[in-house]
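Reproduced below: upload11.pdb, with PDB, C-alpha atoms.
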```
ATOM      1  CA  ALA S   1       0.676  15.568  16.274
ATOM      2  CA  THR S   2      -1.653  16.388  19.171
ATOM      3  CA  LEU S   3      -4.235  19.179  19.033
ATOM      4  CA  LEU S   4      -2.063  21.247  21.399
ATOM      5  CA  GLN S   5       1.020  20.773  19.178
ATOM      6  CA  ILE S   6      -0.936  21.790  16.081
ATOM      7  CA  GLN S   7      -2.244  24.860  17.902
ATOM      8  CA  GLN S   8       1.274  25.812  19.012
ATOM      9  CA  GLN S   9       2.714  25.345  15.519
ATOM     10  CA  ALA S  10      -0.061  27.470  14.003
ATOM     11  CA  ALA S  11       0.397  30.128  16.719
ATOM     12  CA  ILE S  12      -3.331  30.591  17.315
ATOM     13  CA  SER S  13      -5.271  31.255  20.496
ATOM     14  CA  ASP S  14      -7.898  28.973  22.036
ATOM     15  CA  ALA S  15     -10.649  31.246  20.719
ATOM     16  CA  GLU S  16      -9.194  31.243  17.192
ATOM     17  CA  LEU S  17      -8.825  27.462  17.265
ATOM     18  CA  LEU S  18     -12.410  27.022  18.436
ATOM     19  CA  GLN S  19     -13.651  29.353  15.698
ATOM     20  CA  ALA S  20     -11.652  27.484  13.034
ATOM     21  CA  LEU S  21     -12.913  24.084  14.183
ATOM     22  CA  SER S  22     -16.494  25.345  14.332
ATOM     23  CA  HIS S  23     -16.154  26.681  10.779
ATOM     24  CA  GLU S  24     -14.715  23.359   9.595
ATOM     25  CA  LEU S  25     -17.551  21.403  11.182
ATOM     26  CA  LYS S  26     -20.148  23.675   9.572
ATOM     27  CA  VAL S  27     -18.510  23.295   6.165
ATOM     28  CA  ASN S  28     -18.472  19.492   6.540
ATOM     29  CA  GLU S  29     -22.126  19.532   7.624
ATOM     30  CA  VAL S  30     -23.152  21.646   4.620
ATOM     31  CA  LEU S  31     -21.212  19.389   2.225
ATOM     32  CA  ALA S  32     -22.841  16.309   3.775
ATOM     33  CA  LEU S  33     -26.294  17.890   3.272
ATOM     34  CA  SER S  34     -25.462  18.714  -0.359
ATOM     35  CA  SER S  35     -25.037  15.003  -1.068
ATOM     36  CA  ALA S  36     -27.751  13.689   1.250
ATOM     37  CA  ASP S  37     -30.032  12.700  -1.629
ATOM     38  CA  VAL S  38     -27.426  10.648  -3.506
ATOM     39  CA  PRO S  39     -28.860   7.147  -4.046
ATOM     40  CA  ALA S  40     -26.752   4.069  -3.438
ATOM     41  CA  MET S  41     -26.148   1.637  -6.276
ATOM     42  CA  SER S  42     -28.462  -1.366  -6.058
ATOM     43  CA  ASP S  43     -27.178  -4.872  -5.464
ATOM     44  CA  SER S  44     -28.211  -5.943  -8.967
ATOM     45  CA  GLU S  45     -26.448  -2.936 -10.530
ATOM     46  CA  ALA S  46     -23.268  -3.761  -8.596
ATOM     47  CA  ARG S  47     -23.430  -7.387  -9.772
ATOM     48  CA  ARG S  48     -23.858  -6.262 -13.358
ATOM     49  CA  TYR S  49     -20.892  -3.878 -13.012
ATOM     50  CA  TYR S  50     -18.768  -6.741 -11.671
ATOM     51  CA  LEU S  51     -19.666  -8.987 -14.614
ATOM     52  CA  ASP S  52     -19.077  -6.183 -17.140
ATOM     53  CA  HIS S  53     -15.601  -5.286 -15.763
ATOM     54  CA  PRO S  54     -13.928  -8.592 -14.786
ATOM     55  CA  ARG S  55     -10.358  -7.272 -15.154
ATOM     56  CA  ARG S  56     -10.981  -4.681 -12.426
ATOM     57  CA  PHE S  57     -11.640  -7.388  -9.857
ATOM     58  CA  LEU S  58      -8.485  -9.474  -9.937
ATOM     59  CA  ARG S  59      -6.308 -10.134  -6.922
ATOM     60  CA  PRO S  60      -2.692  -9.681  -8.062
ATOM     61  CA  GLU S  61      -0.228 -12.530  -7.946
ATOM     62  CA  ARG S  62       1.211 -12.999  -4.453
ATOM     63  CA  ARG S  63       4.457 -14.652  -3.460
ATOM     64  CA  GLU S  64       5.629 -15.855  -0.079
ATOM     65  CA  VAL S  65       9.218 -14.812   0.474
ATOM     66  CA  ARG S  66      11.961 -14.903   3.038
ATOM     67  CA  HIS S  67      15.316 -13.206   2.855
ATOM     68  CA  ILE S  68      18.724 -12.746   4.364
ATOM     69  CA  LEU S  69      19.930  -9.160   4.607
ATOM     70  CA  ILE S  70      23.442  -8.021   5.380
ATOM     71  CA  THR S  71      23.854  -4.258   5.444
ATOM     72  CA  THR S  72      26.807  -2.318   4.097
ATOM     73  CA  GLU S  73      28.336   0.704   5.789
ATOM     74  CA  ASP S  74      27.667   3.931   3.874
ATOM     75  CA  ASP S  75      30.726   5.612   5.376
ATOM     76  CA  ASN S  76      32.994   2.624   4.673
ATOM     77  CA  PRO S  77      33.163   1.616   0.986
ATOM     78  CA  ASP S  78      35.606  -1.155   1.877
ATOM     79  CA  SER S  79      32.839  -3.010   3.742
ATOM     80  CA  GLU S  80      30.981  -3.997   0.556
ATOM     81  CA  PRO S  81      33.528  -6.550  -0.749
ATOM     82  CA  GLU S  82      33.542  -8.197   2.678
ATOM     83  CA  VAL S  83      29.746  -8.367   2.759
ATOM     84  CA  GLN S  84      29.694  -9.644  -0.833
ATOM     85  CA  ALA S  85      32.085 -12.447   0.139
ATOM     86  CA  ARG S  86      29.897 -13.426   3.091
ATOM     87  CA  MET S  87      26.817 -13.498   0.915
ATOM     88  CA  LEU S  88      28.568 -15.615  -1.731
ATOM     89  CA  GLY S  89      29.434 -18.139   0.957
ATOM     90  CA  LEU S  90      25.843 -18.257   2.201
ATOM     91  CA  ARG S  91      24.472 -18.591  -1.319
ATOM     92  CA  GLU S  92      26.755 -21.545  -2.078
ATOM     93  CA  ILE S  93      25.413 -23.340   0.983
ATOM     94  CA  LEU S  94      21.806 -22.550   0.043
ATOM     95  CA  LEU S  95      22.165 -23.717  -3.545
ATOM     96  CA  ALA S  96      23.276 -27.083  -2.193
ATOM     97  CA  GLU S  97      20.930 -27.148   0.819
ATOM     98  CA  PRO S  98      18.011 -24.718   0.319
ATOM     99  CA  HIS S  99      16.258 -26.129   3.411
ATOM    100  CA  GLN S 100      18.958 -24.387   5.488
ATOM    101  CA  PHE S 101      17.619 -20.933   4.555
ATOM    102  CA  GLY S 102      15.671 -20.364   7.771
ATOM    103  CA  GLU S 103      18.563 -21.395   9.986
ATOM    104  CA  LEU S 104      21.061 -19.222   8.101
ATOM    105  CA  ALA S 105      18.660 -16.252   8.195
ATOM    106  CA  LEU S 106      18.338 -16.670  11.954
ATOM    107  CA  ARG S 107      22.113 -16.677  12.366
ATOM    108  CA  HIS S 108      23.242 -14.142   9.779
ATOM    109  CA  SER S 109      20.459 -11.786   8.673
ATOM    110  CA  GLU S 110      20.563  -8.223   9.980
ATOM    111  CA  CYS S 111      16.840  -7.648   9.422
ATOM    112  CA  PRO S 112      14.297  -8.019  12.267
ATOM    113  CA  THR S 113      12.731 -10.807  10.178
ATOM    114  CA  ALA S 114      15.706 -12.929  11.208
ATOM    115  CA  LEU S 115      13.669 -13.836  14.301
ATOM    116  CA  GLU S 116      11.075 -15.287  11.897
ATOM    117  CA  ARG S 117      13.851 -17.176  10.073
ATOM    118  CA  GLY S 118      13.866 -14.506   7.392
ATOM    119  CA  ARG S 119      10.181 -14.810   6.543
ATOM    120  CA  ILE S 120       8.619 -11.619   5.184
ATOM    121  CA  GLY S 121       5.325 -13.300   4.240
ATOM    122  CA  TYR S 122       3.151 -12.902   1.168
ATOM    123  CA  VAL S 123       3.795  -9.805  -0.936
ATOM    124  CA  VAL S 124       2.325  -8.397  -4.146
ATOM    125  CA  PRO S 125       4.256  -6.487  -6.825
ATOM    126  CA  GLY S 126       5.224  -3.050  -5.570
ATOM    127  CA  GLN S 127       5.517  -3.896  -1.865
ATOM    128  CA  LEU S 128       9.264  -4.484  -1.873
ATOM    129  CA  TYR S 129      12.090  -2.417  -3.326
ATOM    130  CA  ALA S 130      11.945  -2.541  -7.129
ATOM    131  CA  GLU S 131      15.255  -4.436  -7.242
ATOM    132  CA  LEU S 132      13.877  -7.167  -4.986
ATOM    133  CA  ASP S 133      10.524  -7.259  -6.792
ATOM    134  CA  ALA S 134      12.212  -7.922 -10.127
ATOM    135  CA  VAL S 135      14.142 -10.864  -8.685
ATOM    136  CA  LEU S 136      11.403 -12.385  -6.533
ATOM    137  CA  PHE S 137       8.723 -12.448  -9.232
ATOM    138  CA  ALA S 138      11.061 -14.343 -11.560
ATOM    139  CA  LEU S 139      11.908 -17.119  -9.080
ATOM    140  CA  PRO S 140      10.336 -20.574  -9.092
ATOM    141  CA  VAL S 141       8.962 -22.005  -5.846
ATOM    142  CA  GLY S 142      11.939 -22.912  -3.680
ATOM    143  CA  GLY S 143      14.325 -20.895  -5.833
ATOM    144  CA  ILE S 144      17.290 -19.020  -4.370
ATOM    145  CA  SER S 145      18.026 -15.607  -5.842
ATOM    146  CA  ALA S 146      21.290 -14.120  -6.943
ATOM    147  CA  ILE S 147      22.784 -11.653  -4.492
ATOM    148  CA  THR S 148      20.646  -8.542  -4.920
ATOM    149  CA  GLN S 149      21.350  -5.011  -3.752
ATOM    150  CA  SER S 150      18.765  -2.592  -2.397
ATOM    151  CA  PRO S 151      19.144   0.673  -0.472
ATOM    152  CA  MET S 152      19.186  -1.478   2.697
ATOM    153  CA  GLY S 153      22.143  -3.647   1.696
ATOM    154  CA  LEU S 154      22.648  -7.046   0.075
ATOM    155  CA  HIS S 155      19.904  -9.688   0.018
ATOM    156  CA  LEU S 156      19.344 -13.325  -0.740
ATOM    157  CA  LEU S 157      15.707 -14.238  -1.423
ATOM    158  CA  GLN S 158      13.851 -17.522  -1.409
ATOM    159  CA  CYS S 159      10.398 -17.892  -2.947
ATOM    160  CA  LEU S 160       8.333 -20.214  -0.728
ATOM    161  CA  ASP S 161       4.980 -20.178  -2.523
ATOM    162  CA  ILE S 162       3.208 -18.616  -5.512
ATOM    163  CA  ARG S 163      -0.474 -17.701  -5.541
ATOM    164  CA  GLU S 164      -1.552 -16.790  -9.047
ATOM    165  CA  ALA S 165      -3.713 -13.781  -9.851
ATOM    166  CA  ALA S 166      -7.352 -14.725  -9.307
ATOM    167  CA  PRO S 167     -10.777 -13.050  -9.462
ATOM    168  CA  ILE S 168     -12.181 -11.505  -6.288
ATOM    169  CA  PRO S 169     -15.382 -13.475  -5.502
ATOM    170  CA  LEU S 170     -18.608 -11.766  -6.554
ATOM    171  CA  GLU S 171     -20.073 -11.709  -3.030
ATOM    172  CA  GLU S 172     -16.916 -10.049  -1.714
ATOM    173  CA  ALA S 173     -16.725  -7.505  -4.544
ATOM    174  CA  VAL S 174     -20.361  -6.310  -4.527
ATOM    175  CA  PRO S 175     -20.249  -4.420  -1.162
ATOM    176  CA  ARG S 176     -16.981  -2.736  -2.232
ATOM    177  CA  ILE S 177     -18.510  -1.661  -5.547
ATOM    178  CA  ILE S 178     -21.567  -0.180  -3.816
ATOM    179  CA  GLU S 179     -19.445   1.677  -1.247
ATOM    180  CA  GLN S 180     -16.971   3.024  -3.807
ATOM    181  CA  GLN S 181     -19.726   4.156  -6.170
ATOM    182  CA  PHE S 182     -21.556   5.919  -3.326
ATOM    183  CA  VAL S 183     -18.408   7.777  -2.199
ATOM    184  CA  GLN S 184     -17.705   8.891  -5.777
ATOM    185  CA  ALA S 185     -21.324   9.961  -6.339
ATOM    186  CA  CYS S 186     -21.294  12.017  -3.107
ATOM    187  CA  ALA S 187     -18.053  13.733  -4.141
ATOM    188  CA  GLN S 188     -19.531  14.571  -7.554
ATOM    189  CA  ALA S 189     -22.705  15.969  -5.946
ATOM    190  CA  GLN S 190     -20.620  18.133  -3.615
ATOM    191  CA  ARG S 191     -18.522  19.462  -6.500
ATOM    192  CA  ARG S 192     -21.690  20.308  -8.467
ATOM    193  CA  TRP S 193     -23.119  22.113  -5.437
ATOM    194  CA  LEU S 194     -19.903  24.090  -4.924
ATOM    195  CA  ARG S 195     -19.823  25.108  -8.601
ATOM    196  CA  SER S 196     -23.470  26.188  -8.368
ATOM    197  CA  LEU S 197     -22.698  28.216  -5.235
ATOM    198  CA  GLN S 198     -19.734  29.840  -6.969
ATOM    199  CA  ARG S 199     -21.878  30.838  -9.962
ATOM    200  CA  ARG S 200     -24.587  32.307  -7.694
ATOM    201  CA  THR S 201     -21.998  34.243  -5.720
ATOM    202  CA  GLN S 202     -20.421  35.652  -8.879
ATOM    203  CA  ALA S 203     -23.843  36.616 -10.281
ATOM    204  CA  ALA S 204     -24.697  38.477  -7.064
ATOM    205  CA  MET S 205     -21.500  40.545  -7.113
ATOM    206  CA  PRO S 206     -21.845  44.066  -8.554
ATOM    207  CA  PRO S 207     -19.901  44.678 -11.786
ATOM    208  CA  HIS S 208     -16.601  46.503 -11.427
TER     209      HIS S 208
END
```

Would you write out, as structure tokens, the structure that this file holds?
Amino acid sequence: ATLLQIQQQAAISDAELLQALSHELKVNEVLALSSADVPAMSDSEARRYYLDHPRRFLRPERREVRHILITTEDDNPDSEPEVQARMLGLREILLAEPHQFGELALRHSECPTALERGRIGYVVPGQLYAELDAVLFALPVGGISAITQSPMGLHLLQCLDIREAAPIPLEEAVPRIIEQQFVQACAQAQRRWLRSLQRRTQAAMPPH
């Protein structure tokens, strides 16, 4: 949404919007100052953290996949048997001639990836629908899946390549560790400052 749309939805005047934004900027500035003295983790500390926590720095297994999708009509239950029959015919061809997958995807798939001959690319667990994930990550390289249903329709999958889980290189991980630790340390410093401010405010209030 644009600034004007937000202003219209909130039903506030230009002056009220300016006041709110000014307040927000001041709050952000104060919070930034409250964490200004937070030190960054050193390079050697980040390297030691990497070596002490190897399981936290693994790239998940990735698989290259392509698919054929034929959708079913939600308002026409009779369409599913017809689609199922079409998919069975395609699967029979692919089991005999798996190299035909790209051509059949181009001709039959109802997904925009048809223009890429069905290729989705490399995916990690959790990127696809759970039903497709379960099938894909059990296939061998070159394998053709059973007909699989997702909320989109019926699919046939082919696994093109498997890249096993592997450690993130040390030199790549160290800058991420330093950045993540610094962000977390700043957030902790800001929370401590806010709690301290709350206690001071409560102490300054007269008893009821």

Q: Would you work out the distance separating atom CA of Arg62 of chain S from atom CA of Gly121 of chain S, expressed in Å to one decimal?
A: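 Pair atom CA of Arg62 of chain S / atom CA of Gly121 of chain S returns 9.6 Å.
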
(Q) Using the chain letters and numbers from this file, what does the PyMOL selection byres ((chain S and resi 20-37) around 12) select? Give the answer as a PyMOL selection string. (A) chain S and resi 3+7+10+12-19+38-40+182-197

Starting from the displayed file, determine the output of the PyMOL selection byres ((chain S and resi 161) around 8) and express the residue list as a PDB file with C-alpha atoms, in the coordinates of the input.
```pdb
ATOM      1  CA  ARG S  63       4.457 -14.652  -3.460  1.00  0.00           C
ATOM      2  CA  GLU S  64       5.629 -15.855  -0.079  1.00  0.00           C
ATOM      3  CA  VAL S  65       9.218 -14.812   0.474  1.00  0.00           C
ATOM      4  CA  VAL S 141       8.962 -22.005  -5.846  1.00  0.00           C
ATOM      5  CA  GLY S 142      11.939 -22.912  -3.680  1.00  0.00           C
ATOM      6  CA  CYS S 159      10.398 -17.892  -2.947  1.00  0.00           C
ATOM      7  CA  LEU S 160       8.333 -20.214  -0.728  1.00  0.00           C
ATOM      8  CA  ILE S 162       3.208 -18.616  -5.512  1.00  0.00           C
ATOM      9  CA  ARG S 163      -0.474 -17.701  -5.541  1.00  0.00           C
TER      10      ARG S 163
END
```

Any chance you could tabulate, as a Markdown table, the residues of segment 135-204 of chain S at most 12 Å from segment 101-117 of chain S with each one's nearest atom pair and distance in Å to one decimal, using only C-alpha atoms, in chain and rising number order?
```
| residue | atom | partner | partner_atom | distance |
| --- | --- | --- | --- | --- |
| S:Gly142 | CA | S:Phe101 | CA | 10.2 |
| S:Gly143 | CA | S:Phe101 | CA | 10.9 |
| S:Ile144 | CA | S:Phe101 | CA | 9.1 |
| S:Ser145 | CA | S:Phe101 | CA | 11.7 |
| S:Met152 | CA | S:Cys111 | CA | 9.4 |
| S:Gly153 | CA | S:Glu110 | CA | 9.6 |
| S:Leu154 | CA | S:Ser109 | CA | 10.1 |
| S:His155 | CA | S:Ser109 | CA | 8.9 |
| S:Leu156 | CA | S:Ala105 | CA | 9.4 |
| S:Leu157 | CA | S:Phe101 | CA | 9.2 |
| S:Gln158 | CA | S:Phe101 | CA | 7.8 |
| S:Cys159 | CA | S:Phe101 | CA | 10.8 |
| S:Leu160 | CA | S:Phe101 | CA | 10.7 |
```

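The residue that comes closest to Arg48 of chain S, out of S:Ala204, S:Val174, S:Ala146, S:Pro140 and on the basis of all atoms listed in the file, is S:Val174.
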
Q: Might you spell out which residues the PyMOL selection byres ((chain S and resi 149-151) around 12) would select in the displayed file, as a PyMOL selection string?
A: chain S and resi 68-74+80+83-84+87+128-135+145-148+152-157

From the coordinates supplied, segment 170-197 of chain S should be written with N, CA, C and O atoms, as an mmCIF file, in the first residue's frame.
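Writing done, so here's out-v8.cif:
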```
data_model
loop_
_atom_site.group_PDB
_atom_site.id
_atom_site.type_symbol
_atom_site.label_atom_id
_atom_site.label_comp_id
_atom_site.auth_asym_id
_atom_site.auth_seq_id
_atom_site.Cartn_x
_atom_site.Cartn_y
_atom_site.Cartn_z
ATOM 1 N N LEU S 170 33.271 -22.346 5.936
ATOM 2 C CA LEU S 170 33.600 -21.476 7.069
ATOM 3 C C LEU S 170 33.617 -20.011 6.667
ATOM 4 O O LEU S 170 33.036 -19.156 7.343
ATOM 5 N N GLU S 171 34.288 -19.689 5.559
ATOM 6 C CA GLU S 171 34.443 -18.282 5.157
ATOM 7 C C GLU S 171 33.105 -17.657 4.782
ATOM 8 O O GLU S 171 32.941 -16.441 4.865
ATOM 9 N N GLU S 172 32.165 -18.477 4.347
ATOM 10 C CA GLU S 172 30.826 -17.967 4.031
ATOM 11 C C GLU S 172 30.000 -17.801 5.303
ATOM 12 O O GLU S 172 29.180 -16.876 5.406
ATOM 13 N N ALA S 173 30.203 -18.696 6.272
ATOM 14 C CA ALA S 173 29.384 -18.684 7.485
ATOM 15 C C ALA S 173 29.784 -17.582 8.457
ATOM 16 O O ALA S 173 28.922 -17.006 9.134
ATOM 17 N N VAL S 174 31.086 -17.254 8.538
ATOM 18 C CA VAL S 174 31.566 -16.315 9.553
ATOM 19 C C VAL S 174 30.871 -14.948 9.468
ATOM 20 O O VAL S 174 30.395 -14.433 10.492
ATOM 21 N N PRO S 175 30.770 -14.305 8.291
ATOM 22 C CA PRO S 175 30.070 -12.999 8.258
ATOM 23 C C PRO S 175 28.615 -13.100 8.696
ATOM 24 O O PRO S 175 28.091 -12.184 9.348
ATOM 25 N N ARG S 176 27.943 -14.219 8.366
ATOM 26 C CA ARG S 176 26.546 -14.396 8.795
ATOM 27 C C ARG S 176 26.455 -14.507 10.309
ATOM 28 O O ARG S 176 25.545 -13.952 10.929
ATOM 29 N N ILE S 177 27.400 -15.260 10.900
ATOM 30 C CA ILE S 177 27.394 -15.424 12.359
ATOM 31 C C ILE S 177 27.570 -14.072 13.038
ATOM 32 O O ILE S 177 26.856 -13.740 13.991
ATOM 33 N N ILE S 178 28.531 -13.282 12.562
ATOM 34 C CA ILE S 178 28.803 -11.974 13.167
ATOM 35 C C ILE S 178 27.580 -11.067 13.054
ATOM 36 O O ILE S 178 27.181 -10.405 14.021
ATOM 37 N N GLU S 179 26.964 -11.047 11.870
ATOM 38 C CA GLU S 179 25.789 -10.186 11.661
ATOM 39 C C GLU S 179 24.620 -10.626 12.538
ATOM 40 O O GLU S 179 23.971 -9.797 13.196
ATOM 41 N N GLN S 180 24.349 -11.936 12.567
ATOM 42 C CA GLN S 180 23.222 -12.431 13.350
ATOM 43 C C GLN S 180 23.430 -12.182 14.841
ATOM 44 O O GLN S 180 22.503 -11.763 15.547
ATOM 45 N N GLN S 181 24.648 -12.415 15.317
ATOM 46 C CA GLN S 181 24.935 -12.182 16.735
ATOM 47 C C GLN S 181 24.774 -10.709 17.088
ATOM 48 O O GLN S 181 24.249 -10.369 18.151
ATOM 49 N N PHE S 182 25.207 -9.815 16.191
ATOM 50 C CA PHE S 182 25.106 -8.382 16.462
ATOM 51 C C PHE S 182 23.641 -7.940 16.524
ATOM 52 O O PHE S 182 23.248 -7.171 17.412
ATOM 53 N N VAL S 183 22.825 -8.434 15.591
ATOM 54 C CA VAL S 183 21.392 -8.088 15.593
ATOM 55 C C VAL S 183 20.734 -8.570 16.879
ATOM 56 O O VAL S 183 19.952 -7.843 17.517
ATOM 57 N N GLN S 184 21.044 -9.798 17.300
ATOM 58 C CA GLN S 184 20.460 -10.335 18.529
ATOM 59 C C GLN S 184 20.931 -9.557 19.751
ATOM 60 O O GLN S 184 20.137 -9.272 20.650
ATOM 61 N N ALA S 185 22.218 -9.198 19.789
ATOM 62 C CA ALA S 185 22.751 -8.447 20.925
ATOM 63 C C ALA S 185 22.109 -7.065 21.011
ATOM 64 O O ALA S 185 21.808 -6.573 22.111
ATOM 65 N N CYS S 186 21.895 -6.409 19.866
ATOM 66 C CA CYS S 186 21.231 -5.098 19.854
ATOM 67 C C CYS S 186 19.799 -5.211 20.375
ATOM 68 O O CYS S 186 19.342 -4.370 21.160
ATOM 69 N N ALA S 187 19.087 -6.249 19.938
ATOM 70 C CA ALA S 187 17.706 -6.439 20.395
ATOM 71 C C ALA S 187 17.664 -6.672 21.902
ATOM 72 O O ALA S 187 16.790 -6.145 22.598
ATOM 73 N N GLN S 188 18.613 -7.447 22.430
ATOM 74 C CA GLN S 188 18.664 -7.686 23.868
ATOM 75 C C GLN S 188 18.955 -6.395 24.631
ATOM 76 O O GLN S 188 18.358 -6.128 25.681
ATOM 77 N N ALA S 189 19.892 -5.588 24.113
ATOM 78 C CA ALA S 189 20.225 -4.312 24.758
ATOM 79 C C ALA S 189 19.011 -3.383 24.768
ATOM 80 O O ALA S 189 18.749 -2.690 25.772
ATOM 81 N N GLN S 190 18.262 -3.355 23.689
ATOM 82 C CA GLN S 190 17.077 -2.509 23.617
ATOM 83 C C GLN S 190 16.003 -2.971 24.595
ATOM 84 O O GLN S 190 15.343 -2.162 25.249
ATOM 85 N N ARG S 191 15.835 -4.297 24.711
ATOM 86 C CA ARG S 191 14.847 -4.814 25.666
ATOM 87 C C ARG S 191 15.250 -4.473 27.095
ATOM 88 O O ARG S 191 14.403 -4.111 27.917
ATOM 89 N N ARG S 192 16.563 -4.601 27.409
ATOM 90 C CA ARG S 192 17.028 -4.244 28.756
ATOM 91 C C ARG S 192 16.773 -2.770 29.047
ATOM 92 O O ARG S 192 16.342 -2.393 30.140
ATOM 93 N N TRP S 193 17.033 -1.926 28.043
ATOM 94 C CA TRP S 193 16.838 -0.481 28.225
ATOM 95 C C TRP S 193 15.357 -0.167 28.453
ATOM 96 O O TRP S 193 15.016 0.647 29.319
ATOM 97 N N LEU S 194 14.486 -0.827 27.685
ATOM 98 C CA LEU S 194 13.050 -0.586 27.837
ATOM 99 C C LEU S 194 12.554 -1.052 29.202
ATOM 100 O O LEU S 194 11.720 -0.390 29.832
ATOM 101 N N ARG S 195 13.076 -2.191 29.688
ATOM 102 C CA ARG S 195 12.680 -2.660 31.019
ATOM 103 C C ARG S 195 13.162 -1.688 32.094
ATOM 104 O O ARG S 195 12.450 -1.400 33.063
ATOM 105 N N SER S 196 14.384 -1.173 31.923
ATOM 106 C CA SER S 196 14.922 -0.195 32.869
ATOM 107 C C SER S 196 14.078 1.073 32.870
ATOM 108 O O SER S 196 13.764 1.637 33.931
ATOM 109 N N LEU S 197 13.681 1.524 31.682
ATOM 110 C CA LEU S 197 12.835 2.719 31.573
ATOM 111 C C LEU S 197 11.489 2.486 32.241
ATOM 112 O O LEU S 197 10.967 3.365 32.944
#
```
